[in-house]
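Text of the file protein.txt, holding compact mmCIF, C-alpha atoms and all ligand atoms:
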```txt
# COMPACT_ATOMS: atom_id res chain seq x y z
CA MET A 13 15.32 -7.65 9.89
CA ALA A 14 16.15 -6.32 6.41
CA TYR A 15 19.09 -8.70 6.15
CA ALA A 16 16.98 -11.63 7.40
CA ILE A 17 14.40 -10.96 4.67
CA ALA A 18 16.99 -10.38 1.91
CA SER A 19 19.13 -13.41 2.78
CA GLY A 20 16.04 -15.63 3.02
CA LEU A 21 14.98 -14.60 -0.48
CA VAL A 22 18.45 -15.35 -1.85
CA GLU A 23 18.55 -18.74 -0.12
CA LYS A 24 15.15 -19.65 -1.62
CA ASN A 25 16.19 -18.42 -5.11
CA PHE A 26 13.23 -16.02 -5.15
CA PRO A 27 13.30 -14.30 -8.56
CA CYS A 28 14.28 -10.70 -7.78
CA ARG A 29 17.18 -8.26 -7.79
CA LEU A 30 18.11 -6.78 -4.43
CA PHE A 31 19.34 -3.27 -3.58
CA HIS A 32 20.03 -1.83 -0.14
CA PHE A 33 20.51 1.58 1.42
CA ASP A 34 21.49 2.30 5.04
CA ARG A 35 22.89 5.48 6.57
CA ASP A 36 25.59 3.27 8.09
CA SER A 37 27.65 1.87 5.20
CA ALA A 38 29.41 -0.56 7.58
CA LYS A 39 26.24 -2.65 7.17
CA TYR A 40 26.85 -3.00 3.41
CA VAL A 41 29.43 -5.83 3.55
CA ARG A 42 26.84 -8.34 4.76
CA PHE A 43 24.31 -7.33 2.10
CA GLU A 44 26.91 -7.36 -0.67
CA SER A 45 27.96 -10.88 0.40
CA ILE A 46 24.50 -12.14 -0.65
CA GLY A 47 24.60 -10.31 -4.01
CA SER A 48 22.59 -7.21 -3.06
CA SER A 49 23.72 -3.97 -4.76
CA SER A 50 24.74 -1.00 -2.61
CA CYS A 51 23.02 2.34 -3.14
CA TRP A 52 24.89 5.33 -1.77
CA LYS A 53 21.85 7.58 -1.82
CA LEU A 54 18.22 6.85 -1.04
CA GLU A 55 17.26 8.27 -4.47
CA GLU A 56 19.39 5.60 -6.18
CA LEU A 57 17.49 2.87 -4.37
CA LEU A 58 14.12 4.45 -5.13
CA GLU A 59 15.00 4.67 -8.81
CA ALA A 60 16.21 1.05 -8.96
CA CYS A 61 13.36 -0.71 -7.11
CA ASP A 62 9.69 -1.46 -7.81
CA THR A 63 9.16 -2.74 -4.28
CA VAL A 64 10.74 -0.80 -1.42
CA PHE A 65 11.03 -2.21 2.11
CA PHE A 66 11.24 0.25 5.02
CA ALA A 67 13.12 -1.57 7.79
CA VAL A 68 14.14 1.15 10.23
CA LYS A 69 13.07 1.48 13.87
CA PRO A 70 9.77 3.37 14.40
CA GLN A 71 11.65 6.33 15.94
CA ASN A 72 13.69 6.72 12.73
CA PHE A 73 10.67 6.82 10.43
CA ASP A 74 10.12 10.56 10.36
CA GLU A 75 13.68 11.28 9.27
CA LEU A 76 13.47 8.54 6.64
CA LEU A 77 10.20 9.94 5.28
CA ALA A 78 11.70 13.45 5.28
CA GLN A 79 14.57 12.15 3.12
CA MET A 80 11.95 10.89 0.65
CA ASN A 81 10.14 14.20 0.52
CA GLY A 82 9.07 15.04 -3.01
CA PHE A 83 10.24 11.79 -4.58
CA PRO A 84 7.46 10.54 -6.90
CA THR A 85 6.02 7.31 -5.51
CA GLY A 86 4.52 6.35 -8.90
CA GLU A 87 3.53 2.69 -9.16
CA LYS A 88 6.02 1.61 -6.48
CA LEU A 89 4.98 -0.73 -3.73
CA PHE A 90 6.14 0.27 -0.25
CA VAL A 91 6.40 -2.37 2.48
CA SER A 92 6.90 -1.20 6.06
CA ILE A 93 7.86 -3.65 8.79
CA ALA A 94 7.82 -1.08 11.61
CA ALA A 95 5.72 -1.81 14.68
CA GLY A 96 2.84 0.62 15.21
CA ILE A 97 3.20 2.78 12.09
CA SER A 98 -0.05 2.83 10.14
CA THR A 99 -0.48 2.87 6.38
CA GLY A 100 -2.41 6.15 6.85
CA TYR A 101 0.57 7.79 8.55
CA LEU A 102 2.88 6.65 5.74
CA ALA A 103 0.43 7.76 3.04
CA ALA A 104 0.20 11.22 4.61
CA SER A 105 3.89 11.59 3.93
CA LEU A 106 4.38 9.53 0.74
CA GLY A 107 1.24 10.81 -0.97
CA ARG A 108 -2.39 9.74 -0.87
CA GLY A 109 -2.00 7.49 -3.91
CA ALA A 110 0.97 5.59 -2.47
CA LYS A 111 0.67 1.81 -2.39
CA ILE A 112 1.55 0.67 1.12
CA VAL A 113 1.76 -2.76 2.70
CA ARG A 114 2.31 -2.99 6.45
CA ALA A 115 3.97 -6.15 7.72
CA MET A 116 4.65 -7.56 11.17
CA PRO A 117 7.30 -10.25 10.79
CA ASN A 118 9.37 -11.93 13.52
CA THR A 119 13.01 -12.89 13.97
CA PRO A 120 12.58 -16.65 13.30
CA LEU A 121 12.58 -15.42 9.67
CA LEU A 122 16.33 -15.83 10.08
CA VAL A 123 15.90 -19.61 10.10
CA SER A 124 13.05 -19.63 7.52
CA MET A 125 10.54 -20.29 10.32
CA GLY A 126 9.08 -16.79 10.46
CA ALA A 127 5.46 -15.84 11.08
CA THR A 128 4.35 -12.64 9.35
CA ALA A 129 1.05 -10.74 9.39
CA LEU A 130 0.25 -8.35 6.52
CA CYS A 131 -2.29 -5.70 5.67
CA ALA A 132 -2.46 -3.13 2.89
CA ASN A 133 -4.09 0.18 2.06
CA GLU A 134 -6.76 0.50 -0.64
CA GLN A 135 -4.25 1.45 -3.32
CA VAL A 136 -2.61 -1.97 -3.23
CA THR A 137 -4.13 -4.48 -5.67
CA PRO A 138 -4.85 -8.08 -4.59
CA GLN A 139 -2.05 -9.20 -6.94
CA GLU A 140 0.43 -6.84 -5.30
CA LEU A 141 -0.56 -7.99 -1.82
CA CYS A 142 -0.22 -11.59 -3.01
CA TYR A 143 3.30 -10.76 -4.27
CA VAL A 144 4.33 -9.47 -0.81
CA GLN A 145 2.71 -12.52 0.78
CA GLN A 146 4.80 -14.72 -1.54
CA ILE A 147 7.95 -12.88 -0.40
CA PHE A 148 7.26 -13.49 3.30
CA SER A 149 6.05 -17.03 2.62
CA GLN A 150 9.59 -17.89 1.45
CA LEU A 151 10.59 -17.28 5.06
CA GLY A 152 7.83 -19.09 6.94
CA VAL A 153 4.08 -18.55 7.19
CA CYS A 154 2.36 -15.32 6.21
CA GLU A 155 -1.24 -14.33 6.96
CA ILE A 156 -3.27 -11.34 5.74
CA ILE A 157 -5.27 -9.48 8.42
CA GLU A 158 -7.24 -6.24 8.86
CA GLU A 159 -5.12 -3.20 9.70
CA GLU A 160 -7.10 -2.55 12.90
CA LEU A 161 -5.58 -5.77 14.30
CA MET A 162 -1.97 -4.94 13.37
CA ASN A 163 -1.08 -3.59 16.83
CA ALA A 164 -2.73 -6.51 18.63
CA ILE A 165 -1.00 -9.09 16.40
CA ILE A 166 2.45 -8.00 17.64
CA ALA A 167 1.99 -9.99 20.87
CA VAL A 168 0.99 -13.04 18.84
CA ASN A 169 3.94 -13.20 16.43
CA GLY A 170 6.33 -10.19 16.62
CA SER A 171 7.08 -10.25 20.35
CA SER A 172 6.05 -13.80 21.25
CA PRO A 173 9.45 -15.37 20.39
CA ALA A 174 10.91 -13.43 23.35
CA VAL A 175 8.23 -14.93 25.60
CA VAL A 176 9.08 -18.42 24.35
CA TYR A 177 12.78 -17.76 25.14
CA LEU A 178 11.76 -16.61 28.62
CA PHE A 179 9.65 -19.75 29.01
CA VAL A 180 12.62 -21.93 28.01
CA LYS A 181 14.90 -20.06 30.43
CA ALA A 182 12.40 -20.46 33.29
CA PHE A 183 12.16 -24.23 32.69
CA VAL A 184 15.93 -24.67 32.40
CA ASP A 185 16.49 -22.60 35.58
CA GLY A 186 13.84 -24.68 37.35
CA ALA A 187 15.53 -27.91 36.21
CA LYS A 188 18.94 -26.65 37.40
CA GLU A 189 17.49 -25.88 40.81
CA GLN A 190 16.43 -29.53 41.02
CA GLY A 191 19.96 -30.73 40.19
CA ILE A 192 19.53 -31.39 36.46
CA ASP A 193 22.38 -30.47 34.09
CA GLU A 194 21.55 -27.17 32.32
CA GLN A 195 22.48 -28.29 28.80
CA LEU A 196 20.63 -31.57 29.14
CA ALA A 197 17.52 -29.77 30.43
CA PHE A 198 17.82 -27.30 27.53
CA ARG A 199 17.94 -30.14 24.96
CA LEU A 200 15.03 -32.04 26.50
CA PHE A 201 12.84 -28.97 26.98
CA CYS A 202 13.46 -27.53 23.49
CA GLN A 203 12.57 -30.91 21.98
CA SER A 204 9.43 -30.98 24.15
CA VAL A 205 8.39 -27.56 22.80
CA LEU A 206 9.10 -28.65 19.20
CA GLY A 207 7.26 -31.94 19.66
CA SER A 208 4.26 -30.29 21.30
CA VAL A 209 3.92 -27.77 18.46
CA GLU A 210 4.21 -30.61 15.94
CA MET A 211 1.43 -32.46 17.81
CA LEU A 212 -0.80 -29.38 17.60
CA GLN A 213 -0.14 -28.90 13.90
CA SER A 214 -0.16 -32.52 12.70
CA THR A 215 -3.04 -33.95 14.75
CA GLY A 216 -5.34 -30.98 14.29
CA LYS A 217 -6.38 -31.42 17.94
CA SER A 218 -7.05 -28.33 20.04
CA PRO A 219 -4.73 -27.32 22.93
CA GLU A 220 -7.50 -28.35 25.36
CA GLU A 221 -7.80 -31.85 23.81
CA LEU A 222 -4.06 -32.40 23.93
CA ILE A 223 -3.92 -31.17 27.53
CA ARG A 224 -6.63 -33.72 28.41
CA MET A 225 -4.62 -36.48 26.68
CA VAL A 226 -1.54 -35.87 28.87
CA THR A 227 -3.33 -35.15 32.15
CA SER A 228 -4.46 -38.02 34.36
CA PRO A 229 -6.47 -37.40 37.51
CA GLY A 230 -4.21 -36.84 40.49
CA GLY A 231 -1.11 -37.10 38.26
CA THR A 232 2.07 -35.03 37.86
CA THR A 233 0.87 -33.03 34.83
CA LEU A 234 -2.23 -31.95 36.71
CA ALA A 235 0.05 -30.83 39.56
CA ILE A 236 2.15 -28.60 37.25
CA LEU A 237 -0.93 -27.16 35.49
CA ASP A 238 -2.80 -26.48 38.74
CA SER A 239 0.24 -24.79 40.21
CA LEU A 240 0.60 -22.53 37.13
CA GLU A 241 -3.06 -21.58 37.21
CA GLN A 242 -2.83 -20.79 40.94
CA SER A 243 -0.14 -18.31 39.88
CA HIS A 244 -2.64 -16.89 37.33
CA PHE A 245 -0.57 -18.05 34.33
CA SER A 246 -3.26 -17.57 31.63
CA GLU A 247 -4.29 -14.23 33.10
CA ALA A 248 -0.65 -13.08 33.20
CA ILE A 249 -0.25 -13.95 29.49
CA ALA A 250 -3.46 -12.07 28.56
CA ASP A 251 -2.32 -9.05 30.61
CA SER A 252 1.10 -9.07 28.96
CA MET A 253 -0.51 -9.17 25.50
CA ARG A 254 -2.65 -6.14 26.36
CA ALA A 255 0.49 -4.31 27.54
CA CYS A 256 2.19 -5.13 24.24
CA THR A 257 -0.74 -3.76 22.22
CA ARG A 258 -0.89 -0.59 24.37
CA ARG A 259 2.83 -0.02 23.75
CA ALA A 260 2.33 -0.41 19.99
CA GLN A 261 -0.46 2.19 20.17
CA GLU A 262 1.78 4.56 22.15
CA ILE A 263 4.72 4.35 19.74
CA GLY A 264 2.37 4.11 16.80
CA LYS A 265 1.37 6.73 14.31
N1 LIG A 301 13.53 -7.15 15.66
C1 LIG A 301 12.34 -7.74 15.66
O1 LIG A 301 12.08 -8.78 16.28
C2 LIG A 301 11.24 -7.16 14.82
C3 LIG A 301 10.06 -7.90 14.58
C4 LIG A 301 9.10 -7.32 13.75
C5 LIG A 301 9.28 -6.05 13.23
N2 LIG A 301 10.42 -5.37 13.52
C6 LIG A 301 10.57 -4.02 12.96
O2 LIG A 301 11.63 -4.05 12.05
C7 LIG A 301 12.18 -2.74 11.93
C8 LIG A 301 13.68 -2.85 11.86
O3 LIG A 301 14.16 -3.42 13.05
P1 LIG A 301 15.69 -3.86 13.16
O4 LIG A 301 15.81 -4.49 14.51
O5 LIG A 301 16.11 -4.64 11.95
O6 LIG A 301 16.39 -2.40 13.12
P2 LIG A 301 17.95 -2.02 13.01
O7 LIG A 301 18.80 -3.21 13.33
O8 LIG A 301 18.14 -0.76 13.79
O9 LIG A 301 18.17 -1.72 11.47
C9 LIG A 301 17.77 -0.53 10.88
C10 LIG A 301 18.93 0.06 10.09
O10 LIG A 301 18.45 1.24 9.42
C11 LIG A 301 19.36 2.31 9.67
N3 LIG A 301 18.65 3.59 9.60
C12 LIG A 301 17.95 4.22 10.57
N4 LIG A 301 17.45 5.37 10.11
C13 LIG A 301 17.82 5.49 8.82
C14 LIG A 301 17.59 6.47 7.82
N5 LIG A 301 16.88 7.56 8.06
N6 LIG A 301 18.13 6.28 6.60
C15 LIG A 301 18.85 5.17 6.35
N7 LIG A 301 19.11 4.19 7.26
C16 LIG A 301 18.59 4.35 8.48
C17 LIG A 301 19.90 2.02 11.05
O11 LIG A 301 21.09 2.73 11.29
P3 LIG A 301 21.51 3.07 12.82
O12 LIG A 301 21.95 1.77 13.42
O13 LIG A 301 22.58 4.07 12.65
O14 LIG A 301 20.27 3.61 13.50
C18 LIG A 301 20.10 0.49 10.99
O15 LIG A 301 21.30 0.18 10.34
C19 LIG A 301 11.67 -1.95 13.15
O16 LIG A 301 10.77 -0.96 12.73
C20 LIG A 301 10.96 -2.98 14.01
O17 LIG A 301 9.80 -2.45 14.61
C21 LIG A 301 11.41 -5.90 14.27
```

Go ahead and render the structure in this file as structure tokens.
Amino acid sequence: MAYAIASGLVEKNFPCRLFHFDRDSAKYVRFESIGSSSCWKLEELLEACDTVFFAVKPQNFDELLAQMNGFPTGEKLFVSIAAGISTGYLAASLGRGAKIVRAMPNTPLLVSMGATALCANEQVTPQELCYVQQIFSQLGVCEIIEEELMNAIIAVNGSSPAVVYLFVKAFVDGAKEQGIDEQLAFRLFCQSVLGSVEMLQSTGKSPEELIRMVTSPGGTTLAILDSLEQSHFSEAIADSMRACTRRAQEIGK
């Protein structure tokens, strides 16, 4: 994720200097190839940067925070992209005055089509939050939300790409079963997903209106929709979203 964010900023010529630190220096080659400077100690990075991104897995946070122990946070802005870790938990370790933004991005950032949700603690000024929003906006859309919704939003943007991939796989598998070439089905279905999303965004019509437009009484579309609802499709999605939020709460701090 860190590389996706950094490379996106470079590609968009966002005015900034980049520095990176990772306990695994094998990762440095990729970052150096986009002009980011290697720091061999965390302290070096903290001294060099005004805005510091934490992009480690939630289970690695405690050791990362322990490495920072005692380092003055000053006027620095900290941005965490870890699922489930609250600004309060980070502030308890970084210091009560620490400026913390919590972000939930997604992997389509890699192709500048990301969707990121942000929130911040009270120490962060509107200008600073706007700056972080500008960063993520280089890589797609970025919305500001209340922190209490940060766990629930993961199903909407952080984890949903995996569901879309599963959806594509299910359609391609279904097409194959009916004798359609896999690659051809993949191309047609992906374009159908893209086109449908474009219809939603460019017409301003609701999903329900667009469903009505493509569904004639007794027709084939009604048959596919009825069959999905008999399998409790909408309910299954809502259940899966609740499971995602519960998991964020479990791993969260
Ligand atoms: N992937 C997604 O779709 C997605 C979406 C939204 C948010 N996120 C969040 O993004 C964060 C990063 O995810 P990722 O998939 O990019 O993780 P990742 O590939 O594991 O990258 C994290 C890097 O940080 C290193 N690291 C771990 N602990 C460290 C420490 N104490 N000091 C220095 N370096 C350390 C890791 O080294 P090792 O490999 O040796 O552990 C690894 O190279 C996670 O918190 C995740 O919740 C991910």

- Message: What residues of the protein or nucleic acid chains come within 9 Å of ligand LIG 301 (chain A) when you use all atoms listed in the file? Reply as number ranges by chain.
- Response: A: 13-16, 33-39, 54, 66-79, 92-97, 115-120, 128, 166, 169-171, 173-174

- Task: Give the answer as one residue: which of A:Cys256, A:Val113, A:Val209, A:Ala187 has the shortest atom-to-atom distance to Ile157 of chain A, using all atoms listed in the file?
- Result: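 Closest candidate: A:Val113.
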
- Would you work out the distance separating atom CA of Ser48 of chain A from atom CA of Phe90 of chain A, expressed in Å to one decimal?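 So the answer is 18.3 Å.
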
- Message: Between atom CA of Ala255 of chain A and atom CA of Phe179 of chain A, what distance in Å does the model show, to one decimal?
- Response: 18.0 Å

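From atom CA of Thr233 of chain A back to atom CA of Leu212 of chain A, the distance works out to 17.7 Å.
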
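Residues within 12 Å of Ser204 of chain A, counting all atoms listed in the file and excluding same-chain residues fewer than 6 positions away, are Val180, Phe183, Ala197, Phe198, Glu210 and Met211 of chain A.
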
- Message: List as a ChimeraX atom specification the protein and nucleic acid residues near Ser49 of chain A, meaning an atom at most 9 Å away when all atoms listed in the file are counted, but skip any in the same chain fewer than 6 places from it.
- Response: /A:29-33,40,43

Next, the residues of the selection above should be written as an mmCIF file, keeping the file's coordinate frame with C-alpha atoms.
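Saved to selection.cif:
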```
data_model
loop_
_atom_site.group_PDB
_atom_site.id
_atom_site.type_symbol
_atom_site.label_atom_id
_atom_site.label_comp_id
_atom_site.auth_asym_id
_atom_site.auth_seq_id
_atom_site.Cartn_x
_atom_site.Cartn_y
_atom_site.Cartn_z
ATOM 1 C CA ARG A 29 17.180 -8.260 -7.790
ATOM 2 C CA LEU A 30 18.110 -6.780 -4.430
ATOM 3 C CA PHE A 31 19.340 -3.270 -3.580
ATOM 4 C CA HIS A 32 20.030 -1.830 -0.140
ATOM 5 C CA PHE A 33 20.510 1.580 1.420
ATOM 6 C CA TYR A 40 26.850 -3.000 3.410
ATOM 7 C CA PHE A 43 24.310 -7.330 2.100
#
```

Listed atoms of segment 231-241 of chain A, axis-aligned box, 3 Å per side: centre and edge lengths to one decimal in Å, as lines of an AutoDock Vina configuration file?
```
center_x = -0.5
center_y = -29.3
center_z = 37.5
size_x = 11.2
size_y = 21.5
size_z = 11.4
```

- Query: Can you find the residues with an atom no farther than 6 Å from (6.7, -21.0, 10.1), counting only C-alpha atoms, and report them as a PyMOL selection string?
  - Reply: chain A and resi 125-127+152-153

Preceding selection exported with C-alpha atoms as an mmCIF file, in the frame of the given file:
```cif
data_model
loop_
_atom_site.group_PDB
_atom_site.id
_atom_site.type_symbol
_atom_site.label_atom_id
_atom_site.label_comp_id
_atom_site.auth_asym_id
_atom_site.auth_seq_id
_atom_site.Cartn_x
_atom_site.Cartn_y
_atom_site.Cartn_z
ATOM 1 C CA MET A 125 10.540 -20.290 10.320
ATOM 2 C CA GLY A 126 9.080 -16.790 10.460
ATOM 3 C CA ALA A 127 5.460 -15.840 11.080
ATOM 4 C CA GLY A 152 7.830 -19.090 6.940
ATOM 5 C CA VAL A 153 4.080 -18.550 7.190
#
```

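Closest approach to Pro84 of chain A among A:Leu102, A:Leu196, A:Leu21, A:Leu58 is made by A:Leu58 (distances from all atoms listed in the file).
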
- Task: Give me the residues within 9 Å of Glu194 of chain A as a list in words, counting all atoms listed in the file and dropping any in the same chain fewer than 6 places off.
- Result: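 Residues meeting the cut-off are Val184, Asp185, Ala187 and Lys188 of chain A.
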
Residues of the last selection are to be written out with C-alpha atoms, as a PDB file, keeping the file's coordinate frame.
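Okay, this is what ended up in selection02.pdb:
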```pdb
ATOM      1  CA  VAL A 184      15.930 -24.670  32.400  1.00  0.00           C
ATOM      2  CA  ASP A 185      16.490 -22.600  35.580  1.00  0.00           C
ATOM      3  CA  ALA A 187      15.530 -27.910  36.210  1.00  0.00           C
ATOM      4  CA  LYS A 188      18.940 -26.650  37.400  1.00  0.00           C
TER       5      LYS A 188
END
```

- Point out the residue among A:Leu122, A:Leu206, A:Gly20, A:Thr63 with the least atom-to-atom distance to Leu141 of chain A, counting only C-alpha atoms.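 Closest to Leu141 of chain A, using only C-alpha atoms: A:Thr63.
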
- Nearest to Val226 of chain A, chosen from A:Ser243, A:Ser208, A:Gln135, A:Ser98, with only C-alpha atoms counted in the distances: A:Ser208

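Distances from A:Gly186, A:Pro219, A:Pro138, A:Gln261 to Ile165 of chain A were compared using only C-alpha atoms, and the smallest one belongs to A:Gln261.
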
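Across A:Val91, A:Ala104, A:Ser19, A:Asn25, the tightest approach to Cys131 of chain A is made by A:Val91 when counting all atoms listed in the file.
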
- Message: For Gly107 of chain A, find every residue with an atom within 12 Å (counting all atoms listed in the file), except residues of its own chain fewer than 6 positions away, and show them as a PyMOL selection string.
- Response: chain A and resi 77+80-88+90+99-101+135

- Task: Please identify all polymer residues within 9 Å of Thr137 of chain A, counting all atoms listed in the file, omitting same-chain residues fewer than 5 positions from it, and present them as a list in words.
- Result: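 Counting only the stated atoms, we get Lys111, Ala132 and Cys142 of chain A.
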
What does the file look like for those residues with C-alpha atoms, as a PDB file, in the coordinates of the input?
```pdb
ATOM      1  CA  LYS A 111       0.670   1.810  -2.390  1.00  0.00           C
ATOM      2  CA  ALA A 132      -2.460  -3.130   2.890  1.00  0.00           C
ATOM      3  CA  CYS A 142      -0.220 -11.590  -3.010  1.00  0.00           C
TER       4      CYS A 142
END
```
